[in-house]
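**Q** Quick one, protein.txt (compact mmCIF, C-alpha atoms):
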```
# COMPACT_ATOMS: atom_id res chain seq x y z
CA MET C 1 0.86 -34.68 27.83
CA SER C 2 -0.38 -31.67 29.74
CA GLU C 3 3.07 -30.66 30.89
CA THR C 4 3.23 -26.87 31.06
CA ILE C 5 6.09 -25.15 29.31
CA THR C 6 7.08 -21.59 30.11
CA PHE C 7 8.90 -19.31 27.70
CA THR C 8 8.84 -15.64 26.68
CA ILE C 9 7.53 -13.72 23.68
CA ASP C 10 8.90 -10.17 23.53
CA GLY C 11 9.80 -10.43 27.21
CA VAL C 12 6.30 -11.48 28.27
CA GLU C 13 6.02 -14.84 30.01
CA VAL C 14 3.86 -17.29 28.06
CA LYS C 15 2.71 -20.72 29.17
CA GLY C 16 1.95 -23.47 26.69
CA LYS C 17 1.46 -27.20 26.66
CA ALA C 18 4.11 -29.65 25.54
CA GLY C 19 3.72 -30.41 21.85
CA GLN C 20 2.26 -27.00 20.95
CA THR C 21 3.84 -24.81 18.32
CA ILE C 22 4.90 -21.26 19.11
CA MET C 23 1.88 -20.01 17.14
CA GLN C 24 -0.59 -22.17 19.09
CA ALA C 25 0.85 -21.09 22.43
CA ALA C 26 0.86 -17.43 21.34
CA ASP C 27 -2.76 -17.65 20.16
CA GLY C 28 -3.71 -19.07 23.54
CA ALA C 29 -1.95 -16.21 25.29
CA GLY C 30 -3.63 -13.58 23.13
CA ILE C 31 -0.50 -12.69 21.18
CA TYR C 32 -1.05 -12.39 17.45
CA ILE C 33 1.58 -13.73 15.07
CA PRO C 34 0.69 -12.87 11.42
CA ARG C 35 0.15 -15.89 9.14
CA LEU C 36 -1.05 -16.55 5.61
CA CYS C 37 -0.54 -20.23 4.74
CA TYR C 38 -1.54 -21.60 8.16
CA LEU C 39 -4.90 -23.37 8.00
CA GLU C 40 -6.53 -24.55 11.19
CA GLY C 41 -7.17 -28.30 11.12
CA CYS C 42 -4.36 -29.03 8.65
CA GLU C 43 -0.71 -29.86 9.15
CA PRO C 44 1.23 -26.55 9.11
CA PHE C 45 3.99 -26.53 6.51
CA ALA C 46 5.66 -23.12 6.95
CA SER C 47 5.32 -22.08 3.34
CA CYS C 48 4.61 -18.34 3.46
CA ARG C 49 7.12 -17.46 6.22
CA VAL C 50 4.99 -14.52 7.34
CA CYS C 51 4.86 -16.06 10.84
CA THR C 52 8.64 -15.83 11.11
CA VAL C 53 9.75 -15.12 14.68
CA ILE C 54 13.25 -15.04 16.08
CA VAL C 55 13.84 -17.89 18.53
CA ASN C 56 17.00 -17.66 20.61
CA GLY C 57 18.53 -15.51 17.88
CA ARG C 58 17.47 -17.64 14.89
CA PRO C 59 14.56 -16.99 12.51
CA GLN C 60 11.97 -19.80 12.70
CA ALA C 61 8.43 -20.32 11.42
CA ALA C 62 6.11 -20.02 14.42
CA CYS C 63 3.53 -22.34 12.85
CA THR C 64 5.87 -25.36 12.88
CA GLN C 65 8.44 -24.61 15.58
CA PRO C 66 7.56 -26.41 18.82
CA ILE C 67 7.80 -24.56 22.10
CA ALA C 68 10.54 -25.48 24.55
CA PRO C 69 11.23 -24.39 28.13
CA GLY C 70 12.89 -21.00 28.43
CA ILE C 71 13.11 -20.13 24.73
CA VAL C 72 13.28 -16.43 23.97
CA VAL C 73 10.90 -15.50 21.13
CA GLU C 74 10.92 -12.14 19.38
CA ASN C 75 7.65 -11.36 17.62
CA ASN C 76 6.70 -7.71 17.59
CA THR C 77 10.15 -6.13 17.22
CA PRO C 78 11.40 -3.80 14.46
CA GLU C 79 13.65 -6.56 13.06
CA VAL C 80 10.89 -9.18 12.81
CA THR C 81 8.40 -6.65 11.49
CA GLN C 82 10.87 -5.71 8.76
CA ILE C 83 11.24 -9.37 7.72
CA ARG C 84 7.45 -9.70 7.49
CA LYS C 85 7.08 -6.44 5.60
CA ASP C 86 9.65 -7.58 3.04
CA ILE C 87 7.83 -10.89 2.53
CA ILE C 88 4.42 -9.22 2.15
CA GLU C 89 5.82 -6.57 -0.20
CA MET C 90 7.35 -9.27 -2.39
CA MET C 91 3.94 -10.95 -2.61
CA PHE C 92 2.37 -7.67 -3.73
CA VAL C 93 4.87 -7.02 -6.52
CA GLU C 94 5.17 -10.56 -7.85
CA GLY C 95 1.44 -10.90 -8.57
CA ASN C 96 -1.18 -8.52 -9.91
CA HIS C 97 -2.97 -7.24 -6.84
CA PHE C 98 -5.46 -4.60 -7.96
CA CYS C 99 -7.19 -4.03 -4.65
CA PRO C 100 -9.74 -1.47 -5.93
CA VAL C 101 -11.25 -4.02 -8.34
CA CYS C 102 -11.01 -7.18 -6.24
CA ASP C 103 -14.12 -8.69 -4.62
CA LYS C 104 -11.98 -9.83 -1.72
CA SER C 105 -10.79 -6.33 -0.81
CA GLY C 106 -11.60 -5.56 2.82
CA ASN C 107 -11.76 -9.27 3.66
CA CYS C 108 -8.36 -10.11 2.22
CA GLU C 109 -5.76 -11.43 4.66
CA LEU C 110 -2.78 -10.33 2.54
CA GLN C 111 -4.16 -6.79 2.43
CA ALA C 112 -5.06 -6.87 6.12
CA ILE C 113 -1.56 -7.93 7.16
CA ALA C 114 -0.13 -5.18 4.95
CA TYR C 115 -2.40 -2.67 6.74
CA ARG C 116 -1.36 -4.01 10.12
CA LEU C 117 2.33 -3.78 9.25
CA GLY C 118 1.83 -0.24 7.95
CA ILE C 119 2.87 -0.85 4.34
CA LEU C 120 2.13 2.17 2.13
CA VAL C 121 4.01 1.03 -0.97
CA PRO C 122 6.26 -1.95 -1.74
CA LYS C 123 9.94 -1.10 -1.99
CA PHE C 124 10.42 -3.56 -4.88
CA PRO C 125 9.58 -2.90 -8.55
CA TYR C 126 6.24 -4.28 -9.75
CA LEU C 127 6.61 -7.30 -12.03
CA PHE C 128 3.13 -7.24 -13.65
CA PRO C 129 3.32 -10.92 -14.61
CA VAL C 130 1.02 -12.42 -17.23
CA ARG C 131 -1.15 -14.99 -15.49
CA GLU C 132 -4.32 -16.92 -16.21
CA LEU C 133 -7.89 -16.66 -15.05
CA ASP C 134 -10.05 -19.80 -15.16
CA ALA C 135 -13.77 -18.99 -14.95
CA SER C 136 -14.92 -22.25 -16.54
CA HIS C 137 -16.57 -23.59 -13.38
CA PRO C 138 -20.20 -22.52 -12.98
CA TYR C 139 -19.81 -21.35 -9.36
CA ILE C 140 -16.10 -20.79 -8.70
CA PHE C 141 -13.28 -18.99 -10.47
CA ILE C 142 -9.55 -19.08 -9.94
CA ASP C 143 -7.55 -15.97 -10.77
CA GLN C 144 -3.84 -16.75 -10.75
CA ASN C 145 -3.04 -13.02 -10.82
CA ARG C 146 -3.88 -12.84 -7.13
CA CYS C 147 -2.45 -16.20 -6.05
CA ILE C 148 0.29 -16.01 -3.41
CA LEU C 149 1.01 -19.76 -3.49
CA CYS C 150 0.10 -20.26 0.16
CA GLY C 151 -1.18 -23.76 -0.54
CA ARG C 152 -4.30 -23.54 1.62
CA CYS C 153 -6.52 -24.72 -1.25
CA VAL C 154 -4.15 -27.64 -1.87
CA GLN C 155 -4.32 -28.68 1.77
CA ALA C 156 -8.05 -28.13 2.20
CA SER C 157 -8.97 -30.04 -0.93
CA ARG C 158 -6.62 -32.93 -0.19
CA ASP C 159 -6.89 -33.23 3.58
CA ILE C 160 -10.41 -31.98 4.36
CA ASP C 161 -12.46 -32.47 1.17
CA GLY C 162 -10.56 -35.64 0.21
CA LYS C 163 -10.53 -34.59 -3.46
CA HIS C 164 -7.09 -33.21 -4.34
CA VAL C 165 -8.48 -30.70 -6.84
CA PHE C 166 -5.50 -28.33 -6.52
CA ASP C 167 -1.77 -28.81 -6.38
CA PHE C 168 1.47 -27.01 -7.12
CA VAL C 169 3.39 -27.50 -10.34
CA GLY C 170 6.81 -26.08 -11.23
CA ARG C 171 9.48 -24.64 -8.99
CA GLY C 172 10.81 -21.21 -8.08
CA PRO C 173 9.37 -18.41 -10.21
CA GLU C 174 7.60 -21.05 -12.36
CA LYS C 175 5.65 -22.43 -9.41
CA LYS C 176 1.89 -22.20 -9.75
CA ILE C 177 -1.40 -23.76 -8.71
CA ARG C 178 -2.86 -26.25 -11.16
CA VAL C 179 -6.15 -28.14 -11.10
CA ASN C 180 -6.61 -31.89 -11.24
CA ALA C 181 -7.96 -31.99 -14.80
CA ALA C 182 -6.55 -31.74 -18.29
CA ALA C 183 -7.11 -28.01 -18.39
CA ARG C 184 -10.08 -26.45 -16.70
CA LEU C 185 -11.53 -26.03 -13.23
CA ALA C 186 -14.91 -27.05 -14.67
CA ASP C 187 -13.55 -30.53 -15.40
CA THR C 188 -12.61 -31.22 -11.77
CA ASP C 189 -15.01 -32.53 -9.12
CA LEU C 190 -14.80 -29.26 -7.15
CA ASP C 191 -18.09 -28.32 -5.45
CA ILE C 192 -19.11 -24.93 -4.15
CA THR C 193 -19.59 -26.52 -0.71
CA ASP C 194 -15.96 -27.68 -0.58
CA LYS C 195 -13.72 -26.27 2.12
CA ALA C 196 -11.18 -25.49 -0.60
CA CYS C 197 -13.51 -22.74 -1.87
CA ASP C 198 -13.51 -20.92 1.47
CA VAL C 199 -9.87 -20.91 2.52
CA CYS C 200 -8.12 -18.65 0.01
CA PRO C 201 -6.64 -15.76 2.02
CA VAL C 202 -6.65 -13.54 -1.08
CA GLY C 203 -9.03 -13.18 -4.02
CA ALA C 204 -7.56 -16.00 -6.13
CA ILE C 205 -10.33 -18.55 -5.51
CA LEU C 206 -13.68 -16.83 -5.25
CA LYS C 207 -17.34 -17.73 -5.54
CA LYS C 208 -19.21 -16.27 -8.48
CA GLY C 209 -22.34 -14.23 -7.91
CA VAL C 210 -21.14 -12.75 -4.62
CA GLY C 211 -19.20 -9.70 -5.75
CA TYR C 212 -19.06 -6.75 -3.39
CA ALA C 213 -21.70 -8.14 -1.04
CA VAL C 214 -20.59 -6.24 2.07
CA PRO C 215 -20.45 -2.44 1.93
CA ILE C 216 -17.20 -0.59 2.57
CA GLY C 217 -16.91 0.13 6.27
CA GLN C 218 -18.50 -3.16 7.33
CA ARG C 219 -15.99 -5.61 5.91
CA LEU C 220 -13.80 -7.81 8.08
CA TYR C 221 -10.73 -5.60 8.24
CA ASP C 222 -12.19 -2.12 7.61
CA LYS C 223 -12.11 -1.01 11.23
CA GLN C 224 -10.29 -3.74 13.18
CA PRO C 225 -6.79 -4.90 12.26
CA ILE C 226 -6.35 -8.59 11.49
CA GLY C 227 -5.48 -10.51 14.66
CA SER C 228 -7.72 -8.38 16.88
CA ASP C 229 -9.81 -11.49 17.67
CA ILE C 230 -6.72 -13.31 18.94
CA GLU C 231 -5.54 -10.29 20.92
CA ALA C 232 -8.97 -10.09 22.57
CA ASN C 233 -8.03 -13.34 24.34
CA ALA C 234 -5.13 -11.66 26.09
CA ASN C 235 -6.85 -10.93 29.36
CA LYS C 236 -9.05 -14.00 29.58
CA MET I 1 5.63 35.86 4.53
CA GLU I 2 4.40 34.42 1.30
CA LYS I 3 2.23 31.34 1.60
CA PRO I 4 3.79 28.05 0.50
CA LYS I 5 2.60 26.78 -2.85
CA ILE I 6 0.92 23.51 -3.60
CA ALA I 7 0.60 21.95 -7.06
CA THR I 8 -1.46 19.00 -8.18
CA ALA I 9 -1.71 16.87 -11.32
CA SER I 10 -3.84 14.05 -12.61
CA LEU I 11 -1.75 11.78 -14.84
CA ALA I 12 -3.21 8.38 -15.80
CA GLY I 13 -5.95 8.70 -13.21
CA CYS I 14 -9.69 9.31 -13.16
CA PHE I 15 -9.71 12.58 -11.17
CA GLY I 16 -11.24 10.65 -8.30
CA CYS I 17 -8.33 11.59 -6.04
CA HIS I 18 -8.87 15.26 -6.87
CA MET I 19 -12.55 14.78 -6.06
CA SER I 20 -11.48 13.33 -2.73
CA LEU I 21 -9.29 16.40 -2.15
CA LEU I 22 -12.38 18.57 -2.72
CA ASP I 23 -14.22 16.32 -0.28
CA ILE I 24 -12.41 18.02 2.60
CA ASP I 25 -15.44 20.34 2.34
CA ASP I 26 -15.18 23.65 4.18
CA ARG I 27 -11.66 22.80 5.27
CA ILE I 28 -10.64 23.86 1.78
CA LEU I 29 -11.04 27.44 3.08
CA LYS I 30 -8.56 26.64 5.83
CA LEU I 31 -6.27 25.03 3.29
CA ILE I 32 -6.32 28.21 1.23
CA GLU I 33 -5.28 30.12 4.35
CA LEU I 34 -2.29 27.80 4.62
CA VAL I 35 -1.32 27.53 0.97
CA GLN I 36 -1.61 29.03 -2.44
CA PHE I 37 -2.48 26.67 -5.30
CA ASP I 38 -0.04 26.74 -8.19
CA LYS I 39 -0.17 24.51 -11.29
CA SER I 40 -3.28 22.44 -10.75
CA PRO I 41 -6.58 21.48 -12.41
CA VAL I 42 -8.24 23.01 -9.32
CA ASP I 43 -7.42 26.57 -10.45
CA ASP I 44 -6.52 25.72 -14.05
CA ILE I 45 -3.02 27.21 -13.81
CA LYS I 46 -1.17 25.44 -16.63
CA ASN I 47 2.45 26.27 -15.86
CA PHE I 48 4.47 26.49 -12.68
CA THR I 49 4.83 30.09 -11.47
CA GLY I 50 7.62 29.23 -9.05
CA ARG I 51 8.94 26.82 -6.47
CA CYS I 52 6.25 24.69 -4.78
CA ALA I 53 6.37 23.19 -1.31
CA ILE I 54 4.15 20.22 -2.13
CA GLY I 55 3.19 18.41 -5.31
CA LEU I 56 0.31 15.96 -5.19
CA ILE I 57 0.34 13.39 -8.00
CA GLU I 58 -2.71 11.42 -8.95
CA GLY I 59 -2.37 8.62 -11.52
CA GLY I 60 0.53 6.62 -12.90
CA CYS I 61 2.42 7.17 -16.15
CA CYS I 62 0.80 5.68 -19.23
CA ASN I 63 2.22 8.02 -21.88
CA GLU I 64 5.17 10.29 -22.59
CA GLU I 65 3.26 13.39 -21.54
CA ASN I 66 2.63 11.89 -18.08
CA VAL I 67 6.37 11.31 -17.73
CA HIS I 68 7.13 14.87 -18.83
CA VAL I 69 4.63 16.37 -16.37
CA LEU I 70 5.86 14.15 -13.54
CA LYS I 71 9.47 15.19 -14.17
CA GLU I 72 8.38 18.86 -14.21
CA PHE I 73 6.71 18.32 -10.83
CA ARG I 74 9.83 16.73 -9.44
CA LYS I 75 11.85 19.70 -10.65
CA HIS I 76 9.53 22.32 -9.13
CA CYS I 77 8.32 20.67 -5.90
CA ASP I 78 10.20 20.22 -2.63
CA ILE I 79 8.02 17.30 -1.63
CA LEU I 80 6.25 14.99 -4.06
CA VAL I 81 3.40 12.80 -2.87
CA SER I 82 1.89 9.86 -4.74
CA VAL I 83 -1.84 10.08 -4.06
CA GLY I 84 -3.95 6.98 -4.70
CA GLU I 85 -3.46 3.49 -6.07
CA CYS I 86 -2.83 4.55 -9.69
CA ALA I 87 0.13 6.74 -8.71
CA ILE I 88 1.38 4.06 -6.33
CA MET I 89 1.00 0.90 -8.41
CA GLY I 90 -0.49 1.89 -11.77
CA GLY I 91 -4.05 1.12 -10.71
CA LEU I 92 -6.78 0.28 -13.20
CA PRO I 93 -4.86 1.59 -16.24
CA ALA I 94 -2.13 -0.95 -15.38
CA LEU I 95 -4.59 -3.77 -16.06
CA ARG I 96 -3.31 -3.44 -19.62
CA ASN I 97 0.25 -4.24 -18.58
CA GLY I 98 -0.16 -7.92 -19.40
CA ILE I 99 -1.52 -7.19 -22.89
CA PRO I 100 0.75 -6.14 -25.76
CA LEU I 101 0.25 -2.46 -26.66
CA LYS I 102 -0.57 -3.32 -30.30
CA GLU I 103 -3.40 -5.58 -29.17
CA CYS I 104 -4.76 -2.86 -26.85
CA LEU I 105 -4.82 -0.28 -29.63
CA GLU I 106 -6.32 -2.66 -32.19
CA THR I 107 -9.09 -3.58 -29.77
CA GLY I 108 -9.69 0.06 -28.91
CA TYR I 109 -9.72 1.41 -32.45
CA ILE I 110 -10.33 -1.47 -34.86
CA HIS I 111 -11.79 -4.75 -33.58
CA GLY I 112 -13.43 -3.75 -30.31
CA THR I 113 -17.17 -4.18 -29.76
CA GLY I 114 -19.05 -1.09 -30.94
CA VAL I 115 -16.03 0.53 -32.56
CA TYR I 116 -16.96 2.59 -35.65
CA ASN I 117 -13.80 3.49 -37.49
CA PRO I 118 -14.17 3.29 -41.30
CA SER I 119 -10.53 4.28 -41.87
CA GLY I 120 -9.43 1.17 -39.97
CA LYS I 121 -6.46 3.15 -38.72
CA ILE I 122 -5.10 3.72 -35.24
CA PRO I 123 -4.82 7.48 -34.53
CA ASN I 124 -1.20 8.49 -34.87
CA SER I 125 -1.06 12.30 -34.88
CA GLU I 126 2.04 13.87 -33.37
CA ASP I 127 -0.30 15.91 -31.15
CA ILE I 128 -1.32 12.74 -29.32
CA PRO I 129 1.16 11.69 -26.64
CA LEU I 130 2.81 8.36 -27.37
CA LEU I 131 1.67 5.53 -25.15
CA LEU I 132 4.30 3.77 -23.08
CA ASN I 133 4.79 0.02 -23.37
CA LYS I 134 3.11 -0.30 -19.98
CA VAL I 135 1.75 1.85 -17.17
CA TYR I 136 4.39 2.77 -14.59
CA PRO I 137 3.96 3.68 -10.93
CA CYS I 138 5.26 7.23 -10.33
CA HIS I 139 8.07 6.15 -8.01
CA GLU I 140 9.51 4.03 -10.81
CA ILE I 141 9.96 7.23 -12.88
CA VAL I 142 11.05 9.87 -10.32
CA LYS I 143 11.78 9.93 -6.59
CA ILE I 144 8.54 10.15 -4.61
CA ASP I 145 8.74 11.30 -0.98
CA TYR I 146 5.42 10.13 0.45
CA PHE I 147 2.60 7.75 -0.45
CA LEU I 148 -1.10 8.01 0.36
CA PRO I 149 -2.86 4.80 -0.64
CA GLY I 150 -6.55 4.48 -1.39
CA CYS I 151 -8.95 4.49 -4.33
CA PRO I 152 -9.30 7.30 -3.62
CA PRO I 153 -7.53 8.10 -0.35
CA PRO I 154 -10.19 9.46 2.04
CA ALA I 155 -10.46 13.26 2.21
CA ASP I 156 -9.30 13.07 5.84
CA THR I 157 -6.15 11.23 4.78
CA ILE I 158 -5.25 13.91 2.22
CA TRP I 159 -6.13 16.69 4.66
CA GLU I 160 -4.12 15.25 7.55
CA ALA I 161 -1.14 14.63 5.25
CA CYS I 162 -1.18 18.17 3.81
CA VAL I 163 -1.49 19.76 7.25
CA ALA I 164 1.30 17.59 8.66
CA LEU I 165 3.59 18.50 5.76
CA LEU I 166 2.80 22.22 5.95
CA THR I 167 3.18 22.42 9.72
CA ASN I 168 6.22 20.14 9.76
CA LYS I 169 4.63 17.69 12.17
CA PRO I 170 4.77 13.89 12.10
CA LEU I 171 1.81 12.16 10.48
CA ASP I 172 0.15 9.35 12.38
CA LEU I 173 -2.90 8.23 10.43
CA PRO I 174 -5.46 6.06 12.24
CA TYR I 175 -6.01 2.48 11.01
CA GLU I 176 -9.28 3.30 9.21
CA LEU I 177 -7.65 5.94 7.00
CA VAL I 178 -5.05 3.77 5.27
CA LYS I 179 -6.75 1.42 2.81
CA TYR I 180 -5.90 0.22 -0.69
CA ASP I 181 -9.43 0.54 -2.04
```
Show how you would write the structure in this file as structure tokens.
**A**
Amino acid sequence: MSETITFTIDGVEVKGKAGQTIMQAADGAGIYIPRLCYLEGCEPFASCRVCTVIVNGRPQAACTQPIAPGIVVENNTPEVTQIRKDIIEMMFVEGNHFCPVCDKSGNCELQAIAYRLGILVPKFPYLFPVRELDASHPYIFIDQNRCILCGRCVQASRDIDGKHVFDFVGRGPEKKIRVNAAARLADTDLDITDKACDVCPVGAILKKGVGYAVPIGQRLYDKQPIGSDIEANANK
Amino acid sequence: MEKPKIATASLAGCFGCHMSLLDIDDRILKLIELVQFDKSPVDDIKNFTGRCAIGLIEGGCCNEENVHVLKEFRKHCDILVSVGECAIMGGLPALRNGIPLKECLETGYIHGTGVYNPSGKIPNSEDIPLLLNKVYPCHEIVKIDYFLPGCPPPADTIWEACVALLTNKPLDLPYELVKYD
């Protein structure tokens, strides 16, 4: 199983092992591919499409597409960057993302990817949808205004916590996260120690009583762009 | 040669972005060497005295007066810049966008906690600008040429942007200076 496969990302030769996805091989080589729904330890399901790369001329999700000998992958090119920008901008306008008043700001992966891609303003009109906030649970709240439907909480709760507290309901613009109870988060068996409480890339599922714990300037993405940790592997 | 003019306005904002502009500290003296301030709360000039090179807009549009001022800026300024989250996406005032206007006004003037209003009426003088159904980002009302995110954008961001525009040089802001909060 340790057969080495050689291919290129943006013209750079990358070696991976048979069975790896493009994202896994890129991570190993110190090449960052942006991602939002990908959750380490769970089966990738290519939901957010932010990891889109162009493989031999076709757009593919890097988190699910296996590597193959000699494939030509485009990652950091103007065309791919534009695809990612469009996806991220759509996420910003279809929810209510008020960064200045969000506890997650500075540690938010959606925001961090937008910074990295150099987004100053979305090109699409803001929708300002009416969404719900469920603060019934004593330690956790879920604010649908900020949800980007990545599905990480669904996966973490089902596959890691073994609880299945969250799942999707509806389709298309009606799609949303619902909890496994008649109505409220408080009526589920969600615990503050659950993995599902830690995986939200945005500020949709947050712990109460934390607030703005880390001062501006010291938060995760204040000084270093997201993906810097992966890129630090490049010369190892 | 006459110095280029710069105009600024605070629409549905908190003046925080203007405070950030003042935060350029002693560089404001340099800025005054480069430009002359026209219509702006900084010098309290109420009406445009002529064509302006740059218009800096803080805040989104929450009422008809905001729209009127914004359109005046577009008419008089060569380059219009949305400064800060409120101008760019509505910001905090836009938190009301999911609540019907009637409900907002009734909470503010009739049922809200601590409201003392014996008349039980919502102010409706023609001197008060009419509220819009929701708060609009500036670029959804007029064409905006540049955007400086932040709440507020750091003084360095505003400074670098103004200098780049006035000296006709490309603007390449470092990572730390472009934030949404």
**Q** Using all atoms listed in the file, determine which residues of chain C fall within 7 Å of chain I; present them as a list in words.
**A**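 Taking all atoms listed in the file into account, Phe98, Cys99, Pro100, Leu120, Val121, Phe128, Pro129, Val130, Asp222 and Lys223 of chain C sit within 7 Å of chain I.
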**Q** Between I:Glu103, I:Glu58, I:Glu72, I:Glu65, single out the one closest to I:Leu131, counting only C-alpha atoms.
**A**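 Result for the nearest residue to I:Leu131: I:Glu65.
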**Q** For the atom pair atom CA of I:Asn66 and atom CA of I:Glu106, what is the interatomic distance in Å to one decimal place?
**A** 22.2 Å
**Q** Can you tell me, as a PyMOL selection string, what residues are no more than 10 Å from I:Asn47 when counting only C-alpha atoms, ignoring any on the same chain fewer than 6 positions away?
**A** chain I and resi 7+38-40+72
**Q** What would the file look like if the residues just selected were written as a compact mmCIF listing (two decimals), in the frame of the given file with C-alpha atoms?
**A**
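Contents of the output file result-v6.txt:
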```txt
# COMPACT_ATOMS: atom_id res chain seq x y z
CA ALA I 7 0.60 21.95 -7.06
CA ASP I 38 -0.04 26.74 -8.19
CA LYS I 39 -0.17 24.51 -11.29
CA SER I 40 -3.28 22.44 -10.75
CA GLU I 72 8.38 18.86 -14.21
```
**Q** Taking all atoms listed in the file into account, name the residue in C:Lys104, C:Arg49, C:Arg58, C:Lys207 that is nearest to C:Asp86.
**A**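 Of C:Lys104, C:Arg49, C:Arg58, C:Lys207, the one nearest C:Asp86 is C:Arg49, counting all atoms listed in the file.
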**Q** As an exercise, work out the distance from atom CA of I:Leu173 to atom CA of I:Ala161 in Å and give it to one decimal place.
**A** 8.4 Å
**Q** Hey, which of C:Cys42, C:Pro225, C:Ser105, C:Arg146 ends up closest to C:Lys195? Count all atoms listed in the file.
**A**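 Selected residue with least distance to C:Lys195: C:Cys42.
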**Q** Please identify all polymer residues within 12 Å of C:Val165, counting only C-alpha atoms, omitting same-chain residues fewer than 2 positions from it, and present them as JSON, numbers by chain.
**A** {"C": [151, 152, 153, 154, 155, 156, 157, 158, 159, 160, 161, 162, 163, 167, 168, 177, 178, 179, 180, 181, 182, 183, 184, 185, 186, 187, 188, 189, 190, 191, 194, 195, 196, 197]}
**Q** Could you save the residues just selected, with C-alpha atoms, as a PDB file, in the coordinates of the input?
**A**
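Printed below is part23.pdb as written:
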```
ATOM      1  CA  GLY C 151      -1.180 -23.760  -0.540  1.00  0.00           C
ATOM      2  CA  ARG C 152      -4.300 -23.540   1.620  1.00  0.00           C
ATOM      3  CA  CYS C 153      -6.520 -24.720  -1.250  1.00  0.00           C
ATOM      4  CA  VAL C 154      -4.150 -27.640  -1.870  1.00  0.00           C
ATOM      5  CA  GLN C 155      -4.320 -28.680   1.770  1.00  0.00           C
ATOM      6  CA  ALA C 156      -8.050 -28.130   2.200  1.00  0.00           C
ATOM      7  CA  SER C 157      -8.970 -30.040  -0.930  1.00  0.00           C
ATOM      8  CA  ARG C 158      -6.620 -32.930  -0.190  1.00  0.00           C
ATOM      9  CA  ASP C 159      -6.890 -33.230   3.580  1.00  0.00           C
ATOM     10  CA  ILE C 160     -10.410 -31.980   4.360  1.00  0.00           C
ATOM     11  CA  ASP C 161     -12.460 -32.470   1.170  1.00  0.00           C
ATOM     12  CA  GLY C 162     -10.560 -35.640   0.210  1.00  0.00           C
ATOM     13  CA  LYS C 163     -10.530 -34.590  -3.460  1.00  0.00           C
ATOM     14  CA  ASP C 167      -1.770 -28.810  -6.380  1.00  0.00           C
ATOM     15  CA  PHE C 168       1.470 -27.010  -7.120  1.00  0.00           C
ATOM     16  CA  ILE C 177      -1.400 -23.760  -8.710  1.00  0.00           C
ATOM     17  CA  ARG C 178      -2.860 -26.250 -11.160  1.00  0.00           C
ATOM     18  CA  VAL C 179      -6.150 -28.140 -11.100  1.00  0.00           C
ATOM     19  CA  ASN C 180      -6.610 -31.890 -11.240  1.00  0.00           C
ATOM     20  CA  ALA C 181      -7.960 -31.990 -14.800  1.00  0.00           C
ATOM     21  CA  ALA C 182      -6.550 -31.740 -18.290  1.00  0.00           C
ATOM     22  CA  ALA C 183      -7.110 -28.010 -18.390  1.00  0.00           C
ATOM     23  CA  ARG C 184     -10.080 -26.450 -16.700  1.00  0.00           C
ATOM     24  CA  LEU C 185     -11.530 -26.030 -13.230  1.00  0.00           C
ATOM     25  CA  ALA C 186     -14.910 -27.050 -14.670  1.00  0.00           C
ATOM     26  CA  ASP C 187     -13.550 -30.530 -15.400  1.00  0.00           C
ATOM     27  CA  THR C 188     -12.610 -31.220 -11.770  1.00  0.00           C
ATOM     28  CA  ASP C 189     -15.010 -32.530  -9.120  1.00  0.00           C
ATOM     29  CA  LEU C 190     -14.800 -29.260  -7.150  1.00  0.00           C
ATOM     30  CA  ASP C 191     -18.090 -28.320  -5.450  1.00  0.00           C
ATOM     31  CA  ASP C 194     -15.960 -27.680  -0.580  1.00  0.00           C
ATOM     32  CA  LYS C 195     -13.720 -26.270   2.120  1.00  0.00           C
ATOM     33  CA  ALA C 196     -11.180 -25.490  -0.600  1.00  0.00           C
ATOM     34  CA  CYS C 197     -13.510 -22.740  -1.870  1.00  0.00           C
TER      35      CYS C 197
END
```
**Q** I'd like the interatomic distance between atom CA of C:Ala18 and atom CA of C:Ser47, to a tenth of an Å.
**A**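 That distance, rounded to one decimal, is 23.5 Å.
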**Q** Within 9 Å of I:Val163, counting only C-alpha atoms, which residues show up once you throw out same-chain ones fewer than 5 positions away? Write them as a ChimeraX atom specification, please.
**A** /I:31,34,158,168-169,171
**Q** Using only C-alpha atoms, which residues sit within 12 Å of I:His68 once same-chain residues fewer than 6 positions away are excluded, as a ChimeraX atom specification?
**A** /I:9,11,61-62,74-75,129-130,138,141-142
**Q** So which residues touch C:Cys102 within 9 Å, counting all atoms listed in the file, skipping near sequence neighbours fewer than 5 positions away, as a ChimeraX atom specification?
**A** /C:97,203,211-212 /I:181
**Q** Could the residues in this selection be saved with C-alpha atoms as a PDB file, in the frame of the given file?
**A**
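Saved to out15.pdb:
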```pdb
ATOM      1  CA  HIS C  97      -2.970  -7.240  -6.840  1.00  0.00           C
ATOM      2  CA  GLY C 203      -9.030 -13.180  -4.020  1.00  0.00           C
ATOM      3  CA  GLY C 211     -19.200  -9.700  -5.750  1.00  0.00           C
ATOM      4  CA  TYR C 212     -19.060  -6.750  -3.390  1.00  0.00           C
TER       5      TYR C 212
ATOM      6  CA  ASP I 181      -9.430   0.540  -2.040  1.00  0.00           C
TER       7      ASP I 181
END
```
**Q** Out of I:Asp43, I:Thr107, I:Gly16, I:Gly55, which residue has the shortest atom-to-atom distance to I:Pro4 when counting all atoms listed in the file?
**A**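 That would be I:Gly55, the residue with the smallest distance to I:Pro4.
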**Q** Which residue, C:Ser228, C:Glu40, C:Leu133, C:Val12, has the smallest gap to C:Glu74 when you use all atoms listed in the file?
**A** C:Val12
**Q** Check the smallest atom-to-atom distance from each of I:Asp78, I:Asp26, I:Glu126, I:Glu33 to I:Leu165 using only C-alpha atoms, then report the winner.
**A**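 The closest residue to I:Leu165 is I:Asp78.
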